[in-house]
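Engineer: The structure's right below; bear with me while I get my questions together.
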Amino acid sequence: MAFLTTVFYFIVTIFVLVTVHEFGHFIAARIFGMHVPVFSVGMGRRLFGFNKISGLTFKPLPDEIEAQLGKYTDYRLSLLPIGGYAKIDGMIDESTQSAALPPIPEPWEFRAKPWWQKSIVISAGVIMNLLLAAAIFGSIQYTQGKVLRATTTVGDVAANSVAARQGIVAGDKILAVDGKPVTNWDEIEEKVYMEDLARDFTLEIDHGGVTRTVNFSASELGNIADDFTKFKAHFGLLPVGFGSAFIANVTKGMPAEKLGLQTGDIITRVDGEAIDDQGALVEHISSHPSKEIILTWVRNGQDMTAAVTPDKDGHIGIEIHDQPYHAYHGAILREKYSLLTSIGLGFSELNHQVQLLAHGIWMMVVGKVEFSKSVGGPIKIAKMAGQSAAYGGVEFIKFMALLSLSLAFLNILPIPALDGGHLVIIFIEAGIRRELSQKVKMGIQKVGMAVLLSLMLFMVFNDLRSLF
């Protein structure tokens, strides 16, 4: 049953994201007067569809009807729910173009249009995926509001952190940051972490009824001000009732299962150090292959501690996510927003997620993050879709928004057969003021398809390897 649920949510995710992407290409092409004979949701054999020539039909179209479509579009549902496509007349595309086109383009063809119109049509799929992500982020803000950790009380201080050296202890209450009063922990994080990491700042602390001001300097915080994760851990403060390493899955036969860890447990300390984020936990575990470590976790409000030994690869067999607010042990409150404000917040969150994605990719490029551990294929996507759905509808559509953003970024890469590859060809043709030969473009598309197939095979292999 769990397998079927995972497959279902994977199909829903891909179905929505690809349909939205292809609709962007379709509507932009129609706006500029291009013929789009087929708009298909799904791939492969036509199951049923509608067009102005044959009406509604529940079977594949005869060749003579396909040939007559022209300015009319066959809106169809196809057999395989793993994608979709908009077939645009005059566009050289390995996935839809099988025969050579006439040397002189017709006015309604893609290749007959000016370069700027072609660029918009190619970019429209990526734009739609970005708009979908922003719309989801905004709708979450509008319907759910912002969930805030309604405390300014310190719950834990990491040993040897800057905060610990400044004498801050659990139970202290933060009253203000840089003289500006704060009312919740999210506000503290926004002022300390988000505004400018490379700066001096002050915290006003209530320690047992005595108020004091603690000064933090950029030099004291070290040269990690451009790395949010390291900065947060180095600073060293956690709110009361908080733990960010929420166990989403435990692998059978691995050390974590033998220890007794369960889905829903929240790891709070490792070898006595408070866990500030999941990255710090993964780094600590992976750096101790075949060496015993001590974990402390919370289950149903109870603290539990035990020793576990990671395997030779530095794994204990857990999958962790940021802690969902429903698992937060402290008080929370919700801040509601108007529709207009929510739209703005949706685009603001989109911008934030784009920056995080770009930073993560840069970490892979410079070798600070292993590529094979940072990318996922269809198996990993399906697994994450099922897990996010298990947390509730909000978590699932948030996952969908993040995947839509990833799909947009992937498609804009300058790889032949992707939208970015098509854009490169369009810009080259605009620069040389003539169209590349169909033979050259078909060759480029085939190379691109080979690259994409190789990448897909690698990701599937990588997904399978992670399961064992």
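Ligands are numbered from 1 in the order shown, chains are lettered A, B, ... in the order of the structure tokens, and residues start at 1 in each chain.
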Neighbouring residues of Leu61 in chain A were defined as those with any atom within 12 Å, considering only C-alpha atoms; residues of the same chain fewer than 2 positions away were excluded. Please report them as a list in words.
Structural biologist: Val38, Arg45, Arg46, Leu47, Phe48, Gly49, Phe50, Asn51, Ile53, Ser54, Gly55, Leu56, Thr57, Phe58, Lys59, Asp63, Glu64, Ile65, Glu66, Ala67, Gln68, Leu69, Asp74, Tyr75, Arg76 and Ser78 of chain A
Engineer: Create the file for the chosen residues now, containing N, CA, C and O atoms and written as a compact mmCIF listing (two decimals), in the first residue's frame.
Structural biologist:
# COMPACT_ATOMS: atom_id res chain seq x y z
N VAL A 38 -0.78 19.67 -31.40
CA VAL A 38 -1.04 18.75 -30.29
C VAL A 38 -0.61 19.38 -28.97
O VAL A 38 0.49 19.93 -28.85
N ARG A 45 0.70 6.77 -26.43
CA ARG A 45 -0.56 6.54 -27.15
C ARG A 45 -1.67 7.47 -26.66
O ARG A 45 -1.87 7.64 -25.46
N ARG A 46 -2.39 8.07 -27.59
CA ARG A 46 -3.53 8.93 -27.27
C ARG A 46 -4.68 8.08 -26.73
O ARG A 46 -5.10 7.12 -27.36
N LEU A 47 -5.19 8.44 -25.56
CA LEU A 47 -6.34 7.73 -24.99
C LEU A 47 -7.64 8.38 -25.43
O LEU A 47 -8.55 7.71 -25.91
N PHE A 48 -7.75 9.68 -25.22
CA PHE A 48 -8.90 10.43 -25.71
C PHE A 48 -8.53 11.90 -25.77
O PHE A 48 -7.52 12.33 -25.22
N GLY A 49 -9.35 12.68 -26.48
CA GLY A 49 -9.06 14.09 -26.61
C GLY A 49 -10.13 14.79 -27.42
O GLY A 49 -11.13 14.19 -27.84
N PHE A 50 -9.91 16.09 -27.65
CA PHE A 50 -10.90 16.90 -28.35
C PHE A 50 -10.19 17.83 -29.33
O PHE A 50 -9.14 18.41 -29.02
N ASN A 51 -10.76 17.97 -30.53
CA ASN A 51 -10.32 18.97 -31.50
C ASN A 51 -11.52 19.39 -32.34
O ASN A 51 -12.55 18.71 -32.36
N ILE A 53 -11.99 19.37 -35.46
CA ILE A 53 -12.26 18.60 -36.68
C ILE A 53 -13.07 17.34 -36.36
O ILE A 53 -14.13 17.10 -36.95
N SER A 54 -12.59 16.54 -35.42
CA SER A 54 -13.26 15.27 -35.13
C SER A 54 -14.11 15.32 -33.87
O SER A 54 -14.84 14.37 -33.58
N GLY A 55 -14.01 16.42 -33.12
CA GLY A 55 -14.74 16.50 -31.86
C GLY A 55 -14.08 15.66 -30.78
O GLY A 55 -12.87 15.43 -30.80
N LEU A 56 -14.88 15.18 -29.84
CA LEU A 56 -14.37 14.35 -28.75
C LEU A 56 -14.27 12.91 -29.22
O LEU A 56 -15.25 12.32 -29.66
N THR A 57 -13.08 12.33 -29.13
CA THR A 57 -12.87 10.94 -29.55
C THR A 57 -12.08 10.19 -28.50
O THR A 57 -11.22 10.76 -27.83
N PHE A 58 -12.39 8.90 -28.37
CA PHE A 58 -11.77 8.07 -27.34
C PHE A 58 -10.85 7.02 -27.98
O PHE A 58 -10.94 5.84 -27.70
N LYS A 59 -9.99 7.48 -28.86
CA LYS A 59 -9.05 6.57 -29.53
C LYS A 59 -7.97 7.41 -30.23
O LYS A 59 -8.12 8.63 -30.36
N ASP A 63 -4.40 9.03 -39.32
CA ASP A 63 -3.35 9.88 -39.89
C ASP A 63 -3.93 11.06 -40.66
O ASP A 63 -3.37 12.17 -40.63
N GLU A 64 -5.06 10.84 -41.35
CA GLU A 64 -5.62 11.93 -42.14
C GLU A 64 -6.14 13.07 -41.25
O GLU A 64 -6.08 14.24 -41.63
N ILE A 65 -6.65 12.72 -40.08
CA ILE A 65 -7.09 13.75 -39.14
C ILE A 65 -5.89 14.49 -38.56
O ILE A 65 -5.88 15.72 -38.45
N GLU A 66 -4.83 13.73 -38.20
CA GLU A 66 -3.60 14.33 -37.67
C GLU A 66 -3.06 15.34 -38.69
O GLU A 66 -2.62 16.43 -38.33
N ALA A 67 -3.10 14.98 -39.97
CA ALA A 67 -2.55 15.84 -41.01
C ALA A 67 -3.39 17.09 -41.22
O ALA A 67 -2.88 18.11 -41.69
N GLN A 68 -4.69 17.05 -40.87
CA GLN A 68 -5.58 18.19 -41.08
C GLN A 68 -5.60 19.17 -39.92
O GLN A 68 -6.18 20.26 -40.04
N LEU A 69 -4.99 18.83 -38.82
CA LEU A 69 -5.11 19.66 -37.62
C LEU A 69 -4.69 21.10 -37.89
O LEU A 69 -5.42 22.05 -37.57
N ASP A 74 -5.27 19.48 -31.06
CA ASP A 74 -5.87 18.28 -30.45
C ASP A 74 -5.43 18.26 -28.99
O ASP A 74 -4.25 18.05 -28.68
N TYR A 75 -6.37 18.52 -28.09
CA TYR A 75 -6.10 18.47 -26.65
C TYR A 75 -6.31 17.05 -26.20
O TYR A 75 -7.45 16.56 -26.20
N ARG A 76 -5.24 16.37 -25.82
CA ARG A 76 -5.35 14.94 -25.57
C ARG A 76 -4.77 14.51 -24.22
O ARG A 76 -3.89 15.18 -23.66
N SER A 78 -2.78 11.27 -22.87
CA SER A 78 -2.05 10.12 -23.40
C SER A 78 -1.75 9.10 -22.31
O SER A 78 -1.92 9.36 -21.11
Engineer: Kindly give the distance, in Å, that separates CA of Leu455 in chain A and CA of Ile415 in chain A, rounded to a single decimal.
Structural biologist: 11.6 Å
Engineer: Do you know which residues are at most 8 Å from Ile444 in chain A counting only C-alpha atoms, after dropping those on the same chain fewer than 3 positions away, and could you put them as an mmCIF file with N, CA, C and O atoms, in the first residue's frame?
Structural biologist:
data_model
loop_
_atom_site.group_PDB
_atom_site.id
_atom_site.type_symbol
_atom_site.label_atom_id
_atom_site.label_comp_id
_atom_site.auth_asym_id
_atom_site.auth_seq_id
_atom_site.Cartn_x
_atom_site.Cartn_y
_atom_site.Cartn_z
ATOM 1 N N PRO A 416 21.711 20.902 -25.054
ATOM 2 C CA PRO A 416 20.843 20.598 -26.200
ATOM 3 C C PRO A 416 19.685 19.692 -25.791
ATOM 4 O O PRO A 416 19.848 18.799 -24.960
ATOM 5 N N ALA A 417 18.517 19.952 -26.369
ATOM 6 C CA ALA A 417 17.256 19.249 -26.103
ATOM 7 C C ALA A 417 16.509 19.831 -24.916
ATOM 8 O O ALA A 417 15.318 19.584 -24.763
ATOM 9 N N VAL A 440 22.047 20.069 -38.879
ATOM 10 C CA VAL A 440 22.871 20.467 -37.735
ATOM 11 C C VAL A 440 22.024 20.489 -36.456
ATOM 12 O O VAL A 440 22.432 19.973 -35.409
ATOM 13 N N LYS A 441 20.837 21.075 -36.554
ATOM 14 C CA LYS A 441 19.990 21.174 -35.357
ATOM 15 C C LYS A 441 19.521 19.797 -34.874
ATOM 16 O O LYS A 441 19.464 19.546 -33.671
ATOM 17 N N VAL A 447 22.534 14.746 -29.723
ATOM 18 C CA VAL A 447 23.600 14.773 -28.716
ATOM 19 C C VAL A 447 23.012 15.122 -27.343
ATOM 20 O O VAL A 447 23.341 14.508 -26.322
ATOM 21 N N GLY A 448 22.132 16.128 -27.336
ATOM 22 C CA GLY A 448 21.494 16.521 -26.082
ATOM 23 C C GLY A 448 20.686 15.398 -25.457
ATOM 24 O O GLY A 448 20.735 15.177 -24.248
#
Engineer: Given the choices A:Lys113, A:Arg434, A:His422, A:Lys383, which gets closest to Thr5 in chain A if the distance is worked out from only C-alpha atoms?
Structural biologist: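 The closest residue to Thr5 in chain A is A:Lys383.
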Engineer: Just the residues within 12 Å of Ser286 in chain A, please, counting only C-alpha atoms, with nothing from its chain fewer than 5 positions along; format it as an MDAnalysis selection string.
Structural biologist: chainID A and resid 279:281 291:293 309:318
Engineer: Please measure the separation of CA of Thr268 in chain A and CA of His207 in chain A, giving the value in Å to one decimal.
Structural biologist: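 Between CA of Thr268 in chain A and CA of His207 in chain A the gap is 23.6 Å.
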Engineer: Which neighbours of Pro107 in chain A fall inside 12 Å, counting only C-alpha atoms, when residues of the same chain fewer than 5 positions from it are skipped, and could you give them as an NGL selection string?
Structural biologist: :A and (32-35 or 71 or 89-90 or 112-114)
Engineer: Hey, can you spit out that residue selection with all heavy atoms as a JSON list (two decimals), in the first residue's frame?
Structural biologist:
[["chain", "number", "residue", "atom", "x", "y", "z"],
["A", 32, "PHE", "N", 1.58, 34.20, -30.28],
["A", 32, "PHE", "CA", 2.37, 34.72, -31.40],
["A", 32, "PHE", "C", 1.95, 34.11, -32.74],
["A", 32, "PHE", "O", 2.66, 34.24, -33.74],
["A", 32, "PHE", "CB", 3.85, 34.48, -31.16],
["A", 32, "PHE", "CG", 4.42, 35.30, -30.04],
["A", 32, "PHE", "CD1", 5.05, 34.71, -28.97],
["A", 32, "PHE", "CD2", 4.30, 36.68, -30.05],
["A", 32, "PHE", "CE1", 5.57, 35.46, -27.93],
["A", 32, "PHE", "CE2", 4.82, 37.46, -29.02],
["A", 32, "PHE", "CZ", 5.45, 36.85, -27.96],
["A", 33, "GLY", "N", 0.79, 33.44, -32.78],
["A", 33, "GLY", "CA", 0.25, 32.96, -34.03],
["A", 33, "GLY", "C", 0.88, 31.70, -34.57],
["A", 33, "GLY", "O", 0.75, 31.40, -35.76],
["A", 34, "MET", "N", 1.55, 30.94, -33.74],
["A", 34, "MET", "CA", 2.14, 29.68, -34.18],
["A", 34, "MET", "C", 1.09, 28.57, -34.07],
["A", 34, "MET", "O", 0.27, 28.56, -33.15],
["A", 34, "MET", "CB", 3.35, 29.32, -33.31],
["A", 34, "MET", "CG", 4.45, 30.36, -33.31],
["A", 34, "MET", "SD", 5.82, 29.91, -32.21],
["A", 34, "MET", "CE", 6.67, 31.48, -32.08],
["A", 35, "HIS", "N", 1.14, 27.62, -34.99],
["A", 35, "HIS", "CA", 0.23, 26.49, -34.93],
["A", 35, "HIS", "C", 0.78, 25.45, -33.94],
["A", 35, "HIS", "O", 1.97, 25.12, -33.96],
["A", 35, "HIS", "CB", 0.07, 25.85, -36.31],
["A", 35, "HIS", "CG", -0.75, 26.66, -37.24],
["A", 35, "HIS", "ND1", -1.09, 26.25, -38.52],
["A", 35, "HIS", "CD2", -1.34, 27.89, -37.09],
["A", 35, "HIS", "CE1", -1.84, 27.17, -39.11],
["A", 35, "HIS", "NE2", -1.99, 28.18, -38.27],
["A", 71, "LYS", "N", -4.12, 24.64, -37.94],
["A", 71, "LYS", "CA", -4.30, 25.70, -36.96],
["A", 71, "LYS", "C", -5.14, 25.25, -35.77],
["A", 71, "LYS", "O", -5.28, 25.98, -34.79],
["A", 71, "LYS", "CB", -4.95, 26.92, -37.62],
["A", 71, "LYS", "CG", -6.36, 26.68, -38.15],
["A", 71, "LYS", "CD", -6.91, 27.95, -38.79],
["A", 71, "LYS", "CE", -8.31, 27.72, -39.34],
["A", 71, "LYS", "NZ", -8.87, 28.96, -39.93],
["A", 89, "ASP", "N", 4.41, 23.61, -34.66],
["A", 89, "ASP", "CA", 4.81, 23.49, -36.06],
["A", 89, "ASP", "C", 6.11, 24.26, -36.32],
["A", 89, "ASP", "O", 6.27, 25.40, -35.89],
["A", 89, "ASP", "CB", 3.71, 24.04, -36.98],
["A", 89, "ASP", "CG", 2.68, 22.97, -37.34],
["A", 89, "ASP", "OD1", 2.93, 21.80, -37.05],
["A", 89, "ASP", "OD2", 1.63, 23.34, -37.91],
["A", 90, "GLY", "N", 7.04, 23.60, -37.05],
["A", 90, "GLY", "CA", 8.25, 24.27, -37.47],
["A", 90, "GLY", "C", 9.33, 24.33, -36.42],
["A", 90, "GLY", "O", 10.35, 25.00, -36.62],
["A", 112, "ALA", "N", 9.64, 30.57, -38.51],
["A", 112, "ALA", "CA", 9.40, 31.76, -39.31],
["A", 112, "ALA", "C", 9.30, 33.03, -38.47],
["A", 112, "ALA", "O", 9.28, 34.14, -39.00],
["A", 112, "ALA", "CB", 8.11, 31.59, -40.12],
["A", 113, "LYS", "N", 9.25, 32.87, -37.16],
["A", 113, "LYS", "CA", 9.03, 34.00, -36.27],
["A", 113, "LYS", "C", 10.35, 34.67, -35.90],
["A", 113, "LYS", "O", 11.42, 34.06, -35.97],
["A", 113, "LYS", "CB", 8.31, 33.54, -35.00],
["A", 113, "LYS", "CG", 6.96, 32.87, -35.25],
["A", 113, "LYS", "CD", 5.98, 33.82, -35.92],
["A", 113, "LYS", "CE", 4.63, 33.15, -36.17],
["A", 113, "LYS", "NZ", 3.65, 34.08, -36.75],
["A", 114, "PRO", "N", 10.31, 35.95, -35.49],
["A", 114, "PRO", "CA", 11.53, 36.65, -35.07],
["A", 114, "PRO", "C", 12.12, 36.00, -33.81],
["A", 114, "PRO", "O", 11.41, 35.36, -33.03],
["A", 114, "PRO", "CB", 11.06, 38.08, -34.81],
["A", 114, "PRO", "CG", 9.58, 37.98, -34.61],
["A", 114, "PRO", "CD", 9.13, 36.84, -35.46]]
Engineer: Find the residues around range 122-134 of chain A up to 8 Å (only C-alpha atoms counted), leave out those fewer than 5 positions away in its own chain, and share them as a PyMOL selection string.
Structural biologist: chain A and resi 17+20-25+28+343+346-347+349-350+400-402+404-405+407-409+411-412+419+422-423
Engineer: Could you please write out, as a ChimeraX atom specification, every residue of range 113-196 of chain A that DSSP assigns to strand (DSSP E or B)?
Structural biologist: /A:146-149,153-157,173-177,180-181
Engineer: With N, CA, C and O atoms retained, export the selected residues as a short mmCIF file (atom, residue, chain, number, x, y, z; two decimals), in the first residue's frame.
Structural biologist:
data_model
loop_
_atom_site.label_atom_id
_atom_site.label_comp_id
_atom_site.auth_asym_id
_atom_site.auth_seq_id
_atom_site.Cartn_x
_atom_site.Cartn_y
_atom_site.Cartn_z
N LYS A 146 1.91 32.65 8.60
CA LYS A 146 3.27 32.30 8.97
C LYS A 146 3.27 31.71 10.38
O LYS A 146 2.73 32.30 11.30
N VAL A 147 3.84 30.52 10.50
CA VAL A 147 3.91 29.86 11.80
C VAL A 147 5.17 30.33 12.51
O VAL A 147 6.28 30.18 11.98
N LEU A 148 5.01 30.90 13.67
CA LEU A 148 6.13 31.46 14.43
C LEU A 148 6.35 30.69 15.72
O LEU A 148 5.39 30.25 16.36
N ARG A 149 7.61 30.52 16.09
CA ARG A 149 7.95 29.91 17.38
C ARG A 149 7.82 30.98 18.45
O ARG A 149 8.65 31.88 18.55
N THR A 153 13.05 32.53 24.57
CA THR A 153 13.86 31.90 25.61
C THR A 153 14.83 30.89 25.01
O THR A 153 14.44 30.07 24.17
N VAL A 154 16.07 30.95 25.44
CA VAL A 154 17.09 30.04 24.95
C VAL A 154 16.86 28.66 25.55
O VAL A 154 16.74 28.50 26.77
N GLY A 155 16.81 27.64 24.69
CA GLY A 155 16.61 26.29 25.16
C GLY A 155 17.90 25.51 25.29
O GLY A 155 18.03 24.63 26.13
N ASP A 156 18.89 25.83 24.44
CA ASP A 156 20.16 25.12 24.46
C ASP A 156 21.23 26.02 23.86
O ASP A 156 20.96 26.84 22.98
N VAL A 157 22.45 25.85 24.35
CA VAL A 157 23.60 26.60 23.85
C VAL A 157 24.68 25.59 23.48
O VAL A 157 25.09 24.79 24.31
N LYS A 173 16.60 34.86 28.37
CA LYS A 173 15.57 35.35 27.46
C LYS A 173 16.12 36.52 26.66
O LYS A 173 16.69 37.46 27.21
N ILE A 174 15.99 36.43 25.32
CA ILE A 174 16.46 37.51 24.44
C ILE A 174 15.36 38.56 24.34
O ILE A 174 14.23 38.27 23.93
N LEU A 175 15.69 39.79 24.70
CA LEU A 175 14.72 40.88 24.71
C LEU A 175 14.78 41.73 23.46
O LEU A 175 13.75 42.24 23.00
N ALA A 176 16.00 41.90 22.90
CA ALA A 176 16.15 42.78 21.75
C ALA A 176 17.40 42.41 20.96
O ALA A 176 18.34 41.83 21.51
N VAL A 177 17.37 42.72 19.67
CA VAL A 177 18.53 42.57 18.79
C VAL A 177 18.86 43.95 18.24
O VAL A 177 18.00 44.60 17.63
N LYS A 180 16.39 46.61 19.06
CA LYS A 180 15.02 46.48 18.58
C LYS A 180 14.35 45.29 19.27
O LYS A 180 14.83 44.17 19.18
N PRO A 181 13.26 45.54 20.00
CA PRO A 181 12.59 44.46 20.75
C PRO A 181 12.16 43.32 19.83
O PRO A 181 11.78 43.54 18.67
#
Engineer: Hey, what's within 10 Å of Val394 in chain A if we count only C-alpha atoms and toss same-chain stuff fewer than 4 positions away? As a PyMOL selection string, please?
Structural biologist: chain A and resi 136-137+139-140+143-144+388-389+398-400
Engineer: Which residue, A:Thr6, A:Thr152, A:Asn160, A:Lys252, has the smallest gap to Leu203 in chain A when you use only C-alpha atoms?
Structural biologist: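 So, comparing all the options, the nearest one is A:Thr152.
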Engineer: What separation in Å, quoted to one decimal, exists between CA of Val270 in chain A and CA of Met364 in chain A?
Structural biologist: 26.2 Å
Engineer: Calculated over only C-alpha atoms, which of the candidates A:Asp186, A:Asp303, A:Asp206, A:Glu319 has the smallest distance to Phe246 in chain A?
Structural biologist: A:Glu319
Engineer: For Gln445 in chain A, which of A:Leu101, A:Val12, A:Leu418, A:Ile82 is the closest residue, counting only C-alpha atoms?
Structural biologist: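 Ranking A:Leu101, A:Val12, A:Leu418, A:Ile82 by distance to Gln445 in chain A, first place goes to A:Leu418.
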